[in-house]
>>> print(open('input11.txt').read())   # compact mmCIF, N, CA and C atoms
# COMPACT_ATOMS: atom_id res chain seq x y z
N ASP B 1 4.08 -102.74 16.78
CA ASP B 1 2.65 -102.78 16.46
C ASP B 1 2.42 -103.53 15.15
N CYS B 2 1.28 -104.19 15.08
CA CYS B 2 0.90 -104.88 13.84
C CYS B 2 0.22 -103.87 12.92
N ASN B 3 0.67 -103.80 11.70
CA ASN B 3 -0.07 -102.97 10.75
C ASN B 3 -1.16 -103.81 10.12
N ARG B 4 -1.99 -103.22 9.29
CA ARG B 4 -3.14 -103.91 8.70
C ARG B 4 -2.70 -105.19 7.99
N GLU B 5 -1.62 -105.15 7.22
CA GLU B 5 -1.17 -106.34 6.50
C GLU B 5 -0.75 -107.44 7.46
N ASP B 6 0.01 -107.10 8.51
CA ASP B 6 0.44 -108.11 9.47
C ASP B 6 -0.75 -108.71 10.19
N LYS B 7 -1.73 -107.88 10.56
CA LYS B 7 -2.88 -108.39 11.29
C LYS B 7 -3.64 -109.40 10.44
N ASN B 8 -3.82 -109.08 9.16
CA ASN B 8 -4.53 -110.02 8.30
C ASN B 8 -3.74 -111.31 8.13
N ALA B 9 -2.43 -111.21 8.11
CA ALA B 9 -1.61 -112.41 7.96
C ALA B 9 -1.70 -113.29 9.20
N THR B 10 -1.71 -112.67 10.39
CA THR B 10 -1.73 -113.47 11.61
C THR B 10 -3.13 -113.97 11.94
N ASN B 11 -4.16 -113.31 11.43
CA ASN B 11 -5.52 -113.80 11.63
C ASN B 11 -5.92 -114.63 10.42
N ASN B 12 -5.17 -115.68 10.14
CA ASN B 12 -5.44 -116.53 8.99
C ASN B 12 -6.57 -117.49 9.34
N TYR B 13 -7.78 -117.08 9.02
CA TYR B 13 -8.94 -117.87 9.40
C TYR B 13 -9.03 -119.17 8.61
N ASP B 14 -8.33 -119.28 7.50
CA ASP B 14 -8.33 -120.52 6.74
C ASP B 14 -7.62 -121.63 7.50
N SER B 15 -6.80 -121.28 8.50
CA SER B 15 -6.08 -122.31 9.23
C SER B 15 -6.91 -122.92 10.36
N TYR B 16 -8.12 -122.38 10.61
CA TYR B 16 -8.98 -122.96 11.63
C TYR B 16 -9.46 -124.32 11.15
N PRO B 17 -9.64 -125.29 12.04
CA PRO B 17 -10.21 -126.58 11.63
C PRO B 17 -11.61 -126.36 11.05
N SER B 18 -11.94 -127.12 10.04
CA SER B 18 -13.25 -126.97 9.43
C SER B 18 -14.29 -127.74 10.21
N LEU B 19 -15.55 -127.47 9.91
CA LEU B 19 -16.64 -128.17 10.58
C LEU B 19 -16.47 -129.66 10.40
N GLY B 20 -16.71 -130.39 11.46
CA GLY B 20 -16.65 -131.84 11.39
C GLY B 20 -15.30 -132.42 11.75
N GLU B 21 -14.24 -131.61 11.74
CA GLU B 21 -12.94 -132.13 12.13
C GLU B 21 -12.93 -132.35 13.63
N ASN B 22 -12.42 -133.48 14.06
CA ASN B 22 -12.37 -133.78 15.49
C ASN B 22 -11.04 -133.31 16.05
N ASN B 23 -10.91 -132.01 16.18
CA ASN B 23 -9.66 -131.40 16.60
C ASN B 23 -9.98 -130.24 17.53
N ASN B 24 -10.74 -130.52 18.59
CA ASN B 24 -11.30 -129.46 19.44
C ASN B 24 -10.25 -128.64 20.16
N GLN B 25 -9.05 -129.15 20.36
CA GLN B 25 -8.06 -128.38 21.09
C GLN B 25 -7.60 -127.15 20.31
N HIS B 26 -7.89 -127.08 19.01
CA HIS B 26 -7.49 -125.93 18.21
C HIS B 26 -8.65 -125.01 17.87
N LYS B 27 -9.84 -125.32 18.35
CA LYS B 27 -11.01 -124.51 18.07
C LYS B 27 -11.28 -123.58 19.26
N SER B 28 -11.85 -122.45 18.96
CA SER B 28 -12.29 -121.58 20.06
C SER B 28 -13.49 -122.24 20.72
N GLY B 29 -13.79 -121.81 21.93
CA GLY B 29 -14.95 -122.35 22.62
C GLY B 29 -16.23 -122.13 21.84
N SER B 30 -16.36 -120.97 21.21
CA SER B 30 -17.57 -120.66 20.45
C SER B 30 -17.69 -121.55 19.22
N THR B 31 -16.59 -121.76 18.52
CA THR B 31 -16.61 -122.63 17.34
C THR B 31 -16.94 -124.05 17.75
N ASN B 32 -16.31 -124.53 18.81
CA ASN B 32 -16.57 -125.89 19.28
C ASN B 32 -18.04 -126.05 19.67
N TYR B 33 -18.59 -125.07 20.38
CA TYR B 33 -20.00 -125.14 20.76
C TYR B 33 -20.90 -125.16 19.53
N GLY B 34 -20.64 -124.26 18.59
CA GLY B 34 -21.47 -124.20 17.38
C GLY B 34 -21.44 -125.50 16.60
N ASP B 35 -20.26 -126.05 16.41
CA ASP B 35 -20.14 -127.31 15.69
C ASP B 35 -20.92 -128.41 16.41
N ASN B 36 -20.74 -128.53 17.71
CA ASN B 36 -21.41 -129.58 18.47
C ASN B 36 -22.93 -129.38 18.50
N HIS B 37 -23.38 -128.14 18.64
CA HIS B 37 -24.81 -127.85 18.69
C HIS B 37 -25.49 -128.30 17.40
N PHE B 38 -24.93 -127.93 16.26
CA PHE B 38 -25.57 -128.25 14.99
C PHE B 38 -25.43 -129.73 14.64
N GLU B 39 -24.33 -130.36 15.05
CA GLU B 39 -24.18 -131.80 14.82
C GLU B 39 -25.19 -132.59 15.66
N ARG B 40 -25.42 -132.18 16.90
CA ARG B 40 -26.39 -132.86 17.77
C ARG B 40 -27.79 -132.78 17.19
N ASN B 41 -28.09 -131.70 16.50
CA ASN B 41 -29.41 -131.53 15.91
C ASN B 41 -29.53 -132.22 14.55
N ASN B 42 -28.47 -132.92 14.14
CA ASN B 42 -28.45 -133.70 12.91
C ASN B 42 -28.61 -132.89 11.63
N ASN B 43 -28.64 -131.59 11.73
CA ASN B 43 -28.72 -130.78 10.53
C ASN B 43 -28.12 -129.41 10.84
N LYS B 44 -26.99 -129.12 10.26
CA LYS B 44 -26.27 -127.89 10.58
C LYS B 44 -27.04 -126.64 10.15
N ASN B 45 -28.01 -126.79 9.28
CA ASN B 45 -28.72 -125.62 8.76
C ASN B 45 -30.08 -125.40 9.40
N GLU B 46 -30.53 -126.30 10.28
CA GLU B 46 -31.85 -126.14 10.88
C GLU B 46 -31.81 -126.44 12.38
N PRO B 47 -31.39 -125.46 13.20
CA PRO B 47 -31.39 -125.71 14.64
C PRO B 47 -32.82 -125.81 15.16
N LYS B 48 -33.00 -126.51 16.26
CA LYS B 48 -34.33 -126.69 16.84
C LYS B 48 -34.84 -125.41 17.51
N ILE B 49 -33.93 -124.54 17.94
CA ILE B 49 -34.31 -123.27 18.55
C ILE B 49 -33.61 -122.16 17.78
N PRO B 50 -34.14 -120.95 17.79
CA PRO B 50 -33.45 -119.85 17.10
C PRO B 50 -32.06 -119.63 17.68
N PHE B 51 -31.13 -119.38 16.84
CA PHE B 51 -29.75 -119.17 17.25
C PHE B 51 -29.36 -117.77 16.80
N ILE B 52 -29.21 -116.84 17.75
CA ILE B 52 -28.94 -115.43 17.44
C ILE B 52 -27.58 -115.05 18.00
N ALA B 53 -26.73 -114.57 17.14
CA ALA B 53 -25.39 -114.13 17.57
C ALA B 53 -25.48 -112.68 18.04
N HIS B 54 -24.71 -112.36 19.06
CA HIS B 54 -24.65 -110.99 19.54
C HIS B 54 -23.22 -110.68 19.95
N GLU B 55 -22.73 -109.53 19.55
CA GLU B 55 -21.34 -109.14 19.79
C GLU B 55 -20.97 -109.15 21.27
N GLU B 56 -21.90 -108.79 22.14
CA GLU B 56 -21.59 -108.67 23.57
C GLU B 56 -21.57 -110.03 24.28
N TRP B 57 -22.26 -111.02 23.74
CA TRP B 57 -22.33 -112.34 24.36
C TRP B 57 -21.25 -113.22 23.77
N ARG B 58 -20.09 -113.17 24.35
CA ARG B 58 -18.97 -113.97 23.88
C ARG B 58 -17.94 -114.10 24.98
N GLU B 59 -16.97 -114.95 24.75
CA GLU B 59 -15.95 -115.16 25.77
C GLU B 59 -15.09 -113.91 25.93
N THR B 60 -14.36 -113.83 27.01
CA THR B 60 -13.48 -112.69 27.27
C THR B 60 -12.41 -112.62 26.20
N VAL B 61 -12.11 -111.42 25.74
CA VAL B 61 -11.15 -111.21 24.66
C VAL B 61 -9.78 -110.90 25.26
N ASN B 62 -8.93 -111.91 25.30
CA ASN B 62 -7.58 -111.73 25.83
C ASN B 62 -6.49 -112.13 24.83
N TYR B 63 -6.69 -113.21 24.13
CA TYR B 63 -5.67 -113.76 23.23
C TYR B 63 -6.23 -113.86 21.82
N LEU B 64 -5.36 -114.06 20.85
CA LEU B 64 -5.77 -114.12 19.45
C LEU B 64 -6.89 -115.13 19.23
N CYS B 65 -6.84 -116.26 19.93
CA CYS B 65 -7.89 -117.26 19.74
C CYS B 65 -9.26 -116.75 20.20
N ASP B 66 -9.31 -115.67 20.96
CA ASP B 66 -10.57 -115.08 21.41
C ASP B 66 -11.17 -114.11 20.38
N SER B 67 -10.38 -113.76 19.38
CA SER B 67 -10.92 -112.87 18.35
C SER B 67 -11.88 -113.67 17.48
N ARG B 68 -12.88 -112.99 16.95
CA ARG B 68 -13.83 -113.73 16.13
C ARG B 68 -13.49 -113.61 14.66
N ARG B 69 -13.95 -114.57 13.91
CA ARG B 69 -13.76 -114.55 12.46
C ARG B 69 -14.61 -113.44 11.85
N PRO B 70 -14.31 -113.04 10.62
CA PRO B 70 -15.17 -112.04 9.96
C PRO B 70 -16.59 -112.59 9.81
N LEU B 71 -17.57 -111.71 9.85
CA LEU B 71 -18.97 -112.14 9.70
C LEU B 71 -19.21 -112.87 8.40
N THR B 72 -18.53 -112.46 7.33
CA THR B 72 -18.72 -113.15 6.06
C THR B 72 -18.36 -114.62 6.18
N ALA B 73 -17.30 -114.94 6.91
CA ALA B 73 -16.91 -116.34 7.10
C ALA B 73 -17.90 -117.06 8.01
N LEU B 74 -18.34 -116.40 9.08
CA LEU B 74 -19.29 -117.03 10.01
C LEU B 74 -20.63 -117.29 9.34
N ARG B 75 -21.09 -116.34 8.53
CA ARG B 75 -22.37 -116.54 7.84
C ARG B 75 -22.28 -117.73 6.88
N SER B 76 -21.13 -117.91 6.28
CA SER B 76 -20.94 -119.04 5.37
C SER B 76 -20.94 -120.37 6.13
N LEU B 77 -20.28 -120.40 7.28
CA LEU B 77 -20.20 -121.63 8.07
C LEU B 77 -21.51 -121.97 8.74
N TYR B 78 -22.26 -120.95 9.19
CA TYR B 78 -23.48 -121.16 9.96
C TYR B 78 -24.63 -120.37 9.33
N PRO B 79 -25.16 -120.81 8.20
CA PRO B 79 -26.20 -120.04 7.51
C PRO B 79 -27.51 -119.92 8.29
N CYS B 80 -27.74 -120.79 9.26
CA CYS B 80 -29.00 -120.73 10.01
C CYS B 80 -28.93 -119.79 11.21
N VAL B 81 -27.75 -119.23 11.51
CA VAL B 81 -27.60 -118.32 12.64
C VAL B 81 -27.94 -116.91 12.19
N ASP B 82 -28.68 -116.20 13.03
CA ASP B 82 -29.04 -114.81 12.77
C ASP B 82 -27.91 -113.92 13.28
N PHE B 83 -27.14 -113.36 12.37
CA PHE B 83 -26.03 -112.47 12.74
C PHE B 83 -26.42 -111.00 12.63
N SER B 84 -27.69 -110.70 12.47
CA SER B 84 -28.10 -109.30 12.27
C SER B 84 -27.73 -108.36 13.41
N PRO B 85 -27.65 -108.82 14.69
CA PRO B 85 -27.21 -107.88 15.74
C PRO B 85 -25.74 -107.48 15.62
N CYS B 86 -24.95 -108.22 14.86
CA CYS B 86 -23.52 -107.91 14.68
C CYS B 86 -23.40 -107.04 13.43
N ILE B 87 -22.92 -105.82 13.58
CA ILE B 87 -22.94 -104.90 12.45
C ILE B 87 -21.60 -104.77 11.74
N HIS B 88 -20.51 -105.22 12.35
CA HIS B 88 -19.19 -105.08 11.74
C HIS B 88 -18.70 -106.42 11.23
N ASP B 89 -18.17 -106.44 10.02
CA ASP B 89 -17.60 -107.68 9.50
C ASP B 89 -16.36 -108.07 10.31
N HIS B 90 -15.58 -107.08 10.68
CA HIS B 90 -14.39 -107.33 11.50
C HIS B 90 -14.79 -107.42 12.98
N ASP B 91 -13.87 -107.72 13.83
CA ASP B 91 -14.11 -107.87 15.27
C ASP B 91 -13.77 -106.56 15.99
N PRO B 92 -14.76 -105.73 16.30
CA PRO B 92 -14.47 -104.44 16.93
C PRO B 92 -13.88 -104.56 18.33
N LEU B 93 -14.25 -105.59 19.06
CA LEU B 93 -13.72 -105.75 20.41
C LEU B 93 -12.23 -106.11 20.37
N TRP B 94 -11.86 -107.02 19.48
CA TRP B 94 -10.45 -107.37 19.33
C TRP B 94 -9.67 -106.14 18.87
N GLU B 95 -10.21 -105.37 17.92
CA GLU B 95 -9.53 -104.17 17.43
C GLU B 95 -9.32 -103.15 18.55
N LYS B 96 -10.32 -103.01 19.43
CA LYS B 96 -10.20 -102.07 20.55
C LYS B 96 -8.96 -102.40 21.38
N TYR B 97 -8.82 -103.66 21.76
CA TYR B 97 -7.70 -104.04 22.61
C TYR B 97 -6.39 -104.12 21.84
N GLN B 98 -6.45 -104.34 20.55
CA GLN B 98 -5.23 -104.31 19.75
C GLN B 98 -4.71 -102.88 19.66
N GLN B 99 -5.61 -101.90 19.57
CA GLN B 99 -5.19 -100.50 19.54
C GLN B 99 -4.57 -100.10 20.88
N ILE B 100 -5.07 -100.64 21.97
CA ILE B 100 -4.55 -100.31 23.30
C ILE B 100 -3.22 -101.01 23.57
N HIS B 101 -3.16 -102.30 23.28
CA HIS B 101 -2.01 -103.13 23.69
C HIS B 101 -1.06 -103.51 22.56
N GLY B 102 -1.45 -103.33 21.33
CA GLY B 102 -0.63 -103.79 20.22
C GLY B 102 -1.06 -105.19 19.79
N CYS B 103 -0.36 -105.73 18.82
CA CYS B 103 -0.75 -107.02 18.26
C CYS B 103 -0.43 -108.16 19.22
N HIS B 104 -0.97 -109.32 18.91
CA HIS B 104 -0.82 -110.47 19.80
C HIS B 104 0.63 -110.95 19.90
N GLU B 105 1.45 -110.60 18.95
CA GLU B 105 2.86 -111.02 18.99
C GLU B 105 3.67 -110.18 19.96
N THR B 106 3.27 -108.92 20.17
CA THR B 106 4.01 -108.04 21.08
C THR B 106 3.38 -107.96 22.46
N HIS B 107 2.10 -108.25 22.56
CA HIS B 107 1.41 -108.25 23.86
C HIS B 107 0.80 -109.62 24.08
N THR B 108 1.42 -110.41 24.93
CA THR B 108 0.98 -111.80 25.15
C THR B 108 0.26 -111.99 26.47
N LYS B 109 -0.02 -110.89 27.15
CA LYS B 109 -0.72 -110.98 28.43
C LYS B 109 -2.22 -110.73 28.24
N LEU B 110 -2.96 -110.76 29.34
CA LEU B 110 -4.40 -110.52 29.30
C LEU B 110 -4.72 -109.15 28.72
N ARG B 111 -5.83 -109.05 28.06
CA ARG B 111 -6.31 -107.80 27.50
C ARG B 111 -7.58 -107.36 28.23
N GLU B 112 -8.71 -107.93 27.84
CA GLU B 112 -9.99 -107.50 28.42
C GLU B 112 -10.07 -107.83 29.91
N SER B 113 -9.49 -108.92 30.34
CA SER B 113 -9.55 -109.28 31.77
C SER B 113 -8.82 -108.27 32.65
N ASN B 114 -7.88 -107.54 32.08
CA ASN B 114 -7.18 -106.50 32.81
C ASN B 114 -7.85 -105.13 32.65
N ASP B 115 -9.04 -105.12 32.09
CA ASP B 115 -9.82 -103.90 31.90
C ASP B 115 -11.19 -104.11 32.55
N PRO B 116 -11.24 -104.13 33.89
CA PRO B 116 -12.52 -104.44 34.56
C PRO B 116 -13.64 -103.48 34.19
N GLN B 117 -13.33 -102.22 33.99
CA GLN B 117 -14.38 -101.26 33.62
C GLN B 117 -14.94 -101.60 32.24
N GLY B 118 -14.08 -101.88 31.27
CA GLY B 118 -14.54 -102.24 29.93
C GLY B 118 -15.33 -103.54 29.93
N LEU B 119 -14.89 -104.51 30.71
CA LEU B 119 -15.60 -105.79 30.81
C LEU B 119 -16.97 -105.59 31.46
N LEU B 120 -17.02 -104.75 32.48
CA LEU B 120 -18.29 -104.45 33.15
C LEU B 120 -19.26 -103.76 32.19
N GLU B 121 -18.77 -102.80 31.42
CA GLU B 121 -19.62 -102.09 30.46
C GLU B 121 -20.16 -103.06 29.40
N ARG B 122 -19.32 -103.99 28.92
CA ARG B 122 -19.78 -104.96 27.92
C ARG B 122 -20.83 -105.89 28.53
N ALA B 123 -20.63 -106.31 29.77
CA ALA B 123 -21.60 -107.17 30.44
C ALA B 123 -22.94 -106.45 30.59
N HIS B 124 -22.91 -105.17 30.93
CA HIS B 124 -24.15 -104.40 31.05
C HIS B 124 -24.86 -104.30 29.70
N ARG B 125 -24.08 -104.06 28.63
CA ARG B 125 -24.69 -103.98 27.30
C ARG B 125 -25.30 -105.33 26.92
N ALA B 126 -24.65 -106.42 27.28
CA ALA B 126 -25.15 -107.75 26.95
C ALA B 126 -26.50 -108.02 27.61
N TRP B 127 -26.65 -107.61 28.85
CA TRP B 127 -27.89 -107.88 29.58
C TRP B 127 -29.03 -106.97 29.13
N LYS B 128 -28.72 -105.91 28.38
CA LYS B 128 -29.76 -105.03 27.87
C LYS B 128 -30.39 -105.55 26.58
N VAL B 129 -29.83 -106.62 26.05
CA VAL B 129 -30.33 -107.17 24.78
C VAL B 129 -31.76 -107.64 24.93
>>> encode(input="input11.txt", output="structure tokens")
Amino acid sequence: DCNREDKNATNNYDSYPSLGENNNQHKSGSTNYGDNHFERNNNKNEPKIPFIAHEEWRETVNYLCDSRRPLTALRSLYPCVDFSPCIHDHDPLWEKYQQIHGCHETHTKLRESNDPQGLLERAHRAWKV
């Protein structure tokens, strides 16, 4: 199992490509979308439509790349996004599956995709927004 120190070491968010780097194969789908959305609008701080983040509306959480960055980092990268629906700085969904399966180094198989009931419950919560 990963202890708190190991988890922080393996979730080194500083190693993610920064905004503007053309290195999409190392970005999560959400990061790639956010970067492209704000670049298309020619101003990363003023999207043409409101952009609201919600914990339930995200890709399936199976691998480390599916975990989200801390809210403090996301707020810094995307100041125009409303993160108020997200209440935890850490990623509670990733933590849930890490508690069940262990850290990404010891459990390399699917996490949320192998939990159809949990995935269904998250989908229901997402549609209630």
>>> residues_near_point(input="input11.txt", point="(-27.5, -108.2, 15.4)", cutoff="9 Å", atoms="only C-alpha atoms", output="count of residues only")
10
>>> atom_distance(input="input11.txt", atom1="atom N of Ser113 of chain B", atom2="atom N of Tyr78 of chain B")
27.5 Å
>>> atom_distance(input="input11.txt", atom1="atom CA of Leu119 of chain B", atom2="atom CA of Val61 of chain B")
9.3 Å
>>> closest_residue(input="input11.txt", among="B:Pro79, B:Ala73, B:Arg68, B:Thr106", to="Pro92 of chain B", atoms="only N, CA and C atoms")
B:Arg68
>>> atom_distance(input="input11.txt", atom1="atom CA of Ala123 of chain B", atom2="atom CA of Phe51 of chain B")
19.6 Å
>>> closest_residue(input="input11.txt", among="B:His124, B:Pro50, B:Leu64, B:Trp57", to="Glu105 of chain B", atoms="all atoms listed in the file")
B:Leu64
